[in-house]
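Remarks on the structure that follows.
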Amino acid sequence: MRVGLMAENPLESAVLASGIVPIAMLEGYAPVYSRAVLTATRLGIFDVISEGAGSAKAVAEACGTNERATEKLLNLLVTMRYLRYRDGIYRLAPHVRRWLLADTPGSIRDLILMKELEWSWIDQMESFVRDGRPLDVHGSMSTEDWRAYQRGMRAQANPLAGLLARRVPVPAGAREMLDIGGSHGYFSVALCRRHPGLRATVLDLPPAVEHAAPLLEREGMGDRVVLRAGDALADDLGDRVYDLIMAFSLVHHFDDATNRLLVRRSARALRPGGYLVIGDALRPRSPGKGGQQGAFFDLYFALTSESGLWSFDEMRSWQVDAGLSPLKSISLVPGGGFGLQVAERVAPD
Ligand SMILES: C[S@@+](CC[C@H](N)C(=O)[O-])C[C@H]1O[C@@H](n2cnc3c(N)ncnc32)[C@H](O)[C@@H]1O
């Protein structure tokens, strides 16, 4: 999938294809569209429309906003296909009803609210490209940033958790799992619900655990999914303790040497027959292959952490280096931009 200027009719398609349109002139306003979605989300505009406010006047009254300005925002959201409009009445598009309301189970509202934090990182792109020095987001966030980050990650897990729970291979009879950099713990919750004999420890940095705890609490998993504050690169992960270790959206934060260290520590902590599952977005094989999202996340994580995306081959090489036997590579999305690389700690003969 790609984000960019799109024609609205056949004539515009032809003009766009001809190469005479100054595309950057129009795409330069892209932040306005993102800001419109964030503004509507933060002000509760989608929620009041869902509750019955239909006209611009009714929306402005319910949200306590200026009617004229609100109407202009609503009109932009109609062109973006977040709202529909007829005879003075605005209605929600189905994707907004499903994903952006405050009280809908599975909502990604908190992920949208986290965008402001992400934009503050993205603002540093020019200096990153000049000197190659990335931000250390985990080492520099305020308490409020950590709260927004953990809530955003939790919301992002909503559309993914069911898929992950189905696709993560779990060894037969598995009892203990470790979710490294597991944040909110919702992926562990989904796995434990699917595998009734499984218990999970979710290991994350102390400021993450502080804000993840209330998010996990509301799942009511008791001692089947517990948080542990620590550093996966420094703390003792134990020896032959876990049947399954998962590192999801973590390795893009680390360089090659650090990931080798992480995988060696994980291999030691696995019981014979146990699986290490690394899940992440995957680096496209070459520019233009693997789509816009792959290139975007590769740049975004290089800017915000120490590395960027990795390929299945690279993940496998860390696993082999740590004495594990790579099993399958599992693609989670069409086009293969996101997947799981699984390895087993083979039992000695
Ligand atoms: C992008 S988030 C992914 C969270 C979760 N796995 C998910 O996919 O929703 C990365 C997480 O890794 C954690 N993390 C980063 N470095 C870590 C370390 N050295 N030890 C443990 N956790 C770490 C961060 O605090 C953050 O919660």
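In the structure tokens, chains take letters A, B, ... by order of appearance, with residues numbered from 1 within each chain and ligands from 1 in the order shown.
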Would you list the contacts of Ile278 of chain A as a PyMOL selection string, taking every protein, DNA or RNA residue within 10 Å and counting only C-alpha atoms, but skipping same-chain residues closer than 2 positions in sequence?
-> chain A and resi 168+180+245-251+263+275-276+280+312+315-316+319+329+339-343
Kindly assemble as CSV a list of the chain A residues that lie within 7 Å of ligand 1, each paired with its nearest atom pair and their distance in Å to one decimal, using only C-alpha atoms and all ligand atoms, sorted first by chain and then by ascending residue number.
```
residue,atom,partner,partner_atom_place_in_ligand_line,distance
A:His138,CA,ligand 1,25 (O),6.3
A:Gln150,CA,ligand 1,27 (O),6.7
A:Met153,CA,ligand 1,9 (O),4.8
A:Arg154,CA,ligand 1,9 (O),6.1
A:Gln156,CA,ligand 1,9 (O),6.7
A:Ala157,CA,ligand 1,9 (O),5.5
A:Ile180,CA,ligand 1,21 (C),5.8
A:Gly181,CA,ligand 1,12 (O),3.6
A:Gly182,CA,ligand 1,6 (N),3.9
A:Ser183,CA,ligand 1,27 (O),4.2
A:His184,CA,ligand 1,5 (C),6.9
A:Leu203,CA,ligand 1,21 (C),5.7
A:Asp204,CA,ligand 1,22 (N),3.7
A:Leu205,CA,ligand 1,22 (N),4.8
A:Ala208,CA,ligand 1,25 (O),5.2
A:Gly230,CA,ligand 1,21 (C),6.1
A:Asp231,CA,ligand 1,20 (N),3.7
A:Ala232,CA,ligand 1,20 (N),3.9
A:Leu233,CA,ligand 1,19 (N),5.1
A:Ala247,CA,ligand 1,6 (N),6.5
A:Phe248,CA,ligand 1,6 (N),4.4
A:Ser249,CA,ligand 1,8 (O),4.6
A:Leu250,CA,ligand 1,10 (C),4.9
A:His253,CA,ligand 1,15 (C),6.9
```
Just the selected residues (N, CA and C atoms), exported as a PDB file, in the first residue's frame, please.
```pdb
ATOM      1  N   HIS A 138      14.038   5.681  23.256  1.00  0.00           N
ATOM      2  CA  HIS A 138      13.778   5.021  24.533  1.00  0.00           C
ATOM      3  C   HIS A 138      14.576   5.650  25.679  1.00  0.00           C
ATOM      4  N   GLN A 150       3.118   3.832  25.178  1.00  0.00           N
ATOM      5  CA  GLN A 150       2.594   2.519  25.578  1.00  0.00           C
ATOM      6  C   GLN A 150       1.124   2.373  25.190  1.00  0.00           C
ATOM      7  N   MET A 153       1.101   1.804  21.430  1.00  0.00           N
ATOM      8  CA  MET A 153       1.490   0.429  21.070  1.00  0.00           C
ATOM      9  C   MET A 153       0.355  -0.552  21.383  1.00  0.00           C
ATOM     10  N   ARG A 154      -0.306  -0.296  22.498  1.00  0.00           N
ATOM     11  CA  ARG A 154      -1.425  -1.186  22.866  1.00  0.00           C
ATOM     12  C   ARG A 154      -2.544  -1.109  21.829  1.00  0.00           C
ATOM     13  N   GLN A 156      -2.194  -0.207  18.720  1.00  0.00           N
ATOM     14  CA  GLN A 156      -1.697  -0.785  17.462  1.00  0.00           C
ATOM     15  C   GLN A 156      -1.809  -2.306  17.472  1.00  0.00           C
ATOM     16  N   ALA A 157      -1.761  -2.884  18.683  1.00  0.00           N
ATOM     17  CA  ALA A 157      -1.846  -4.348  18.790  1.00  0.00           C
ATOM     18  C   ALA A 157      -3.261  -4.853  18.471  1.00  0.00           C
ATOM     19  N   ILE A 180       9.763 -10.504  24.978  1.00  0.00           N
ATOM     20  CA  ILE A 180      10.810  -9.486  25.188  1.00  0.00           C
ATOM     21  C   ILE A 180      10.410  -8.185  24.496  1.00  0.00           C
ATOM     22  N   GLY A 181      10.477  -7.093  25.249  1.00  0.00           N
ATOM     23  CA  GLY A 181      10.020  -5.804  24.704  1.00  0.00           C
ATOM     24  C   GLY A 181       8.530  -5.864  24.437  1.00  0.00           C
ATOM     25  N   GLY A 182       7.826  -6.576  25.292  1.00  0.00           N
ATOM     26  CA  GLY A 182       6.404  -6.891  25.050  1.00  0.00           C
ATOM     27  C   GLY A 182       5.444  -5.790  25.446  1.00  0.00           C
ATOM     28  N   SER A 183       5.949  -4.734  26.104  1.00  0.00           N
ATOM     29  CA  SER A 183       5.153  -3.535  26.364  1.00  0.00           C
ATOM     30  C   SER A 183       3.834  -3.867  27.074  1.00  0.00           C
ATOM     31  N   HIS A 184       2.721  -3.498  26.492  1.00  0.00           N
ATOM     32  CA  HIS A 184       1.358  -3.716  26.991  1.00  0.00           C
ATOM     33  C   HIS A 184       1.029  -5.186  27.262  1.00  0.00           C
ATOM     34  N   LEU A 203       8.699  -8.822  29.451  1.00  0.00           N
ATOM     35  CA  LEU A 203       9.866  -8.075  29.918  1.00  0.00           C
ATOM     36  C   LEU A 203       9.979  -6.769  29.136  1.00  0.00           C
ATOM     37  N   ASP A 204      10.042  -5.651  29.869  1.00  0.00           N
ATOM     38  CA  ASP A 204      10.226  -4.373  29.179  1.00  0.00           C
ATOM     39  C   ASP A 204      10.949  -3.406  30.109  1.00  0.00           C
ATOM     40  N   LEU A 205      11.388  -2.284  29.543  1.00  0.00           N
ATOM     41  CA  LEU A 205      12.129  -1.283  30.310  1.00  0.00           C
ATOM     42  C   LEU A 205      11.244  -0.705  31.418  1.00  0.00           C
ATOM     43  N   ALA A 208       8.456   1.752  30.601  1.00  0.00           N
ATOM     44  CA  ALA A 208       7.399   1.124  29.795  1.00  0.00           C
ATOM     45  C   ALA A 208       6.459   0.351  30.715  1.00  0.00           C
ATOM     46  N   GLY A 230      12.882  -4.520  33.328  1.00  0.00           N
ATOM     47  CA  GLY A 230      14.299  -4.852  33.200  1.00  0.00           C
ATOM     48  C   GLY A 230      14.826  -4.503  31.823  1.00  0.00           C
ATOM     49  N   ASP A 231      16.038  -4.975  31.558  1.00  0.00           N
ATOM     50  CA  ASP A 231      16.702  -4.701  30.289  1.00  0.00           C
ATOM     51  C   ASP A 231      17.116  -6.043  29.679  1.00  0.00           C
ATOM     52  N   ALA A 232      16.547  -6.377  28.554  1.00  0.00           N
ATOM     53  CA  ALA A 232      16.798  -7.696  27.946  1.00  0.00           C
ATOM     54  C   ALA A 232      18.257  -7.846  27.521  1.00  0.00           C
ATOM     55  N   LEU A 233      18.985  -6.730  27.416  1.00  0.00           N
ATOM     56  CA  LEU A 233      20.375  -6.805  26.973  1.00  0.00           C
ATOM     57  C   LEU A 233      21.343  -6.944  28.152  1.00  0.00           C
ATOM     58  N   ALA A 247      10.030 -11.950  20.357  1.00  0.00           N
ATOM     59  CA  ALA A 247      10.535 -10.564  20.312  1.00  0.00           C
ATOM     60  C   ALA A 247       9.827  -9.912  19.134  1.00  0.00           C
ATOM     61  N   PHE A 248       8.820  -9.111  19.436  1.00  0.00           N
ATOM     62  CA  PHE A 248       7.985  -8.554  18.378  1.00  0.00           C
ATOM     63  C   PHE A 248       8.209  -7.046  18.294  1.00  0.00           C
ATOM     64  N   SER A 249       8.539  -6.578  17.104  1.00  0.00           N
ATOM     65  CA  SER A 249       8.826  -5.157  16.872  1.00  0.00           C
ATOM     66  C   SER A 249       9.909  -4.651  17.822  1.00  0.00           C
ATOM     67  N   LEU A 250      10.931  -5.429  18.005  1.00  0.00           N
ATOM     68  CA  LEU A 250      12.035  -5.059  18.893  1.00  0.00           C
ATOM     69  C   LEU A 250      13.357  -4.944  18.141  1.00  0.00           C
ATOM     70  N   HIS A 253      15.094  -1.873  16.643  1.00  0.00           N
ATOM     71  CA  HIS A 253      15.719  -0.856  17.505  1.00  0.00           C
ATOM     72  C   HIS A 253      17.220  -1.075  17.655  1.00  0.00           C
TER      73      HIS A 253
END
```
Shortest interatomic distance to Gly336 of chain A - which of A:Gly291, A:Glu306, A:Gly220, A:Leu324, counting only C-alpha atoms | A:Gly291
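Neighbours of Gly44 of chain A closer than or equal to 12 Å, with only C-alpha atoms counted and sequence neighbours fewer than 6 positions away skipped, come out as A:Val37, A:Leu38, A:Ser50, A:Glu51, A:Ala53, A:Val59, A:Ala60, A:Glu61, A:Ala62, A:Cys63, A:Gly64, A:Thr65, A:Thr70, A:Leu100, A:Leu101, A:Ala102, A:Asp103, A:Arg109, A:Leu113.
All residues in segment 73-224 of chain A with a DSSP state of strand (DSSP E or B), computed from the backbone, read Leu83, Arg84, Tyr85, Arg86, Ile89, Tyr90, Arg91, Leu92, Glu176, Met177, Leu178, Asp179, Ile180, Arg199, Ala200, Thr201, Val202, Leu203 and Asp204 of chain A.
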Save the residues we just selected, N, CA and C atoms, as a short mmCIF file (atom, residue, chain, number, x, y, z; two decimals), in the first residue's frame?
```
data_model
loop_
_atom_site.label_atom_id
_atom_site.label_comp_id
_atom_site.auth_asym_id
_atom_site.auth_seq_id
_atom_site.Cartn_x
_atom_site.Cartn_y
_atom_site.Cartn_z
N LEU A 83 -15.47 10.83 6.36
CA LEU A 83 -16.88 11.17 6.58
C LEU A 83 -17.63 11.12 5.26
N ARG A 84 -18.96 10.97 5.39
CA ARG A 84 -19.82 11.12 4.21
C ARG A 84 -20.75 12.29 4.46
N TYR A 85 -21.23 12.90 3.38
CA TYR A 85 -22.05 14.10 3.55
C TYR A 85 -23.25 14.06 2.61
N ARG A 86 -24.42 14.38 3.17
CA ARG A 86 -25.61 14.52 2.34
C ARG A 86 -26.62 15.42 3.04
N ILE A 89 -25.90 16.80 6.47
CA ILE A 89 -25.64 15.83 7.55
C ILE A 89 -24.36 15.05 7.24
N TYR A 90 -23.50 14.96 8.25
CA TYR A 90 -22.26 14.18 8.13
C TYR A 90 -22.45 12.83 8.82
N ARG A 91 -21.90 11.80 8.18
CA ARG A 91 -21.92 10.45 8.78
C ARG A 91 -20.51 9.86 8.73
N LEU A 92 -20.28 8.85 9.57
CA LEU A 92 -18.95 8.24 9.60
C LEU A 92 -18.79 7.23 8.48
N GLU A 176 5.71 -22.04 29.59
CA GLU A 176 6.23 -20.72 29.95
C GLU A 176 6.69 -19.97 28.71
N MET A 177 6.25 -18.73 28.58
CA MET A 177 6.78 -17.90 27.48
C MET A 177 7.32 -16.58 28.01
N LEU A 178 8.29 -16.03 27.27
CA LEU A 178 8.88 -14.72 27.58
C LEU A 178 8.61 -13.83 26.37
N ASP A 179 8.05 -12.65 26.64
CA ASP A 179 7.72 -11.69 25.58
C ASP A 179 8.66 -10.51 25.76
N ILE A 180 9.76 -10.50 24.98
CA ILE A 180 10.81 -9.49 25.19
C ILE A 180 10.41 -8.19 24.50
N ARG A 199 1.72 -19.70 30.27
CA ARG A 199 1.86 -18.50 31.11
C ARG A 199 2.90 -17.61 30.47
N ALA A 200 2.78 -16.29 30.63
CA ALA A 200 3.74 -15.39 29.97
C ALA A 200 4.34 -14.39 30.94
N THR A 201 5.64 -14.13 30.73
CA THR A 201 6.32 -13.01 31.40
C THR A 201 6.63 -11.99 30.33
N VAL A 202 6.21 -10.76 30.56
CA VAL A 202 6.43 -9.69 29.59
C VAL A 202 7.55 -8.80 30.13
N LEU A 203 8.70 -8.82 29.45
CA LEU A 203 9.87 -8.07 29.92
C LEU A 203 9.98 -6.77 29.14
N ASP A 204 10.04 -5.65 29.87
CA ASP A 204 10.23 -4.37 29.18
C ASP A 204 10.95 -3.41 30.11
#
```
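Shortest atom-to-atom contact with Tyr149 of chain A among A:Leu43, A:Ile122, A:Met114, A:Ile108: A:Met114, counting only C-alpha atoms.
You can rank A:Leu244, A:Gly106, A:Val137, A:Glu314 by their closest distance to Tyr186 of chain A using only C-alpha atoms, and at the top of that list sits A:Gly106.
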Name the residues of segment 148-274 of chain A that fall into alpha helix (DSSP H) according to DSSP on the backbone, using the chain letters and numbers of this document, as a ChimeraX atom specification.
-> /A:148-157,161-167,186-194,206-217,256-269
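Counting only C-alpha atoms and comparing A:Cys192, A:Val241, A:Asp256, A:Arg151, the residue that lies closest to Asp223 of chain A is A:Cys192.
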Hey, what's within 9 Å of Ala58 of chain A if we count only C-alpha atoms and toss same-chain stuff fewer than 6 positions away? As a list in words, please?
-> Val48, Ile49, Gly52 and Glu67 of chain A
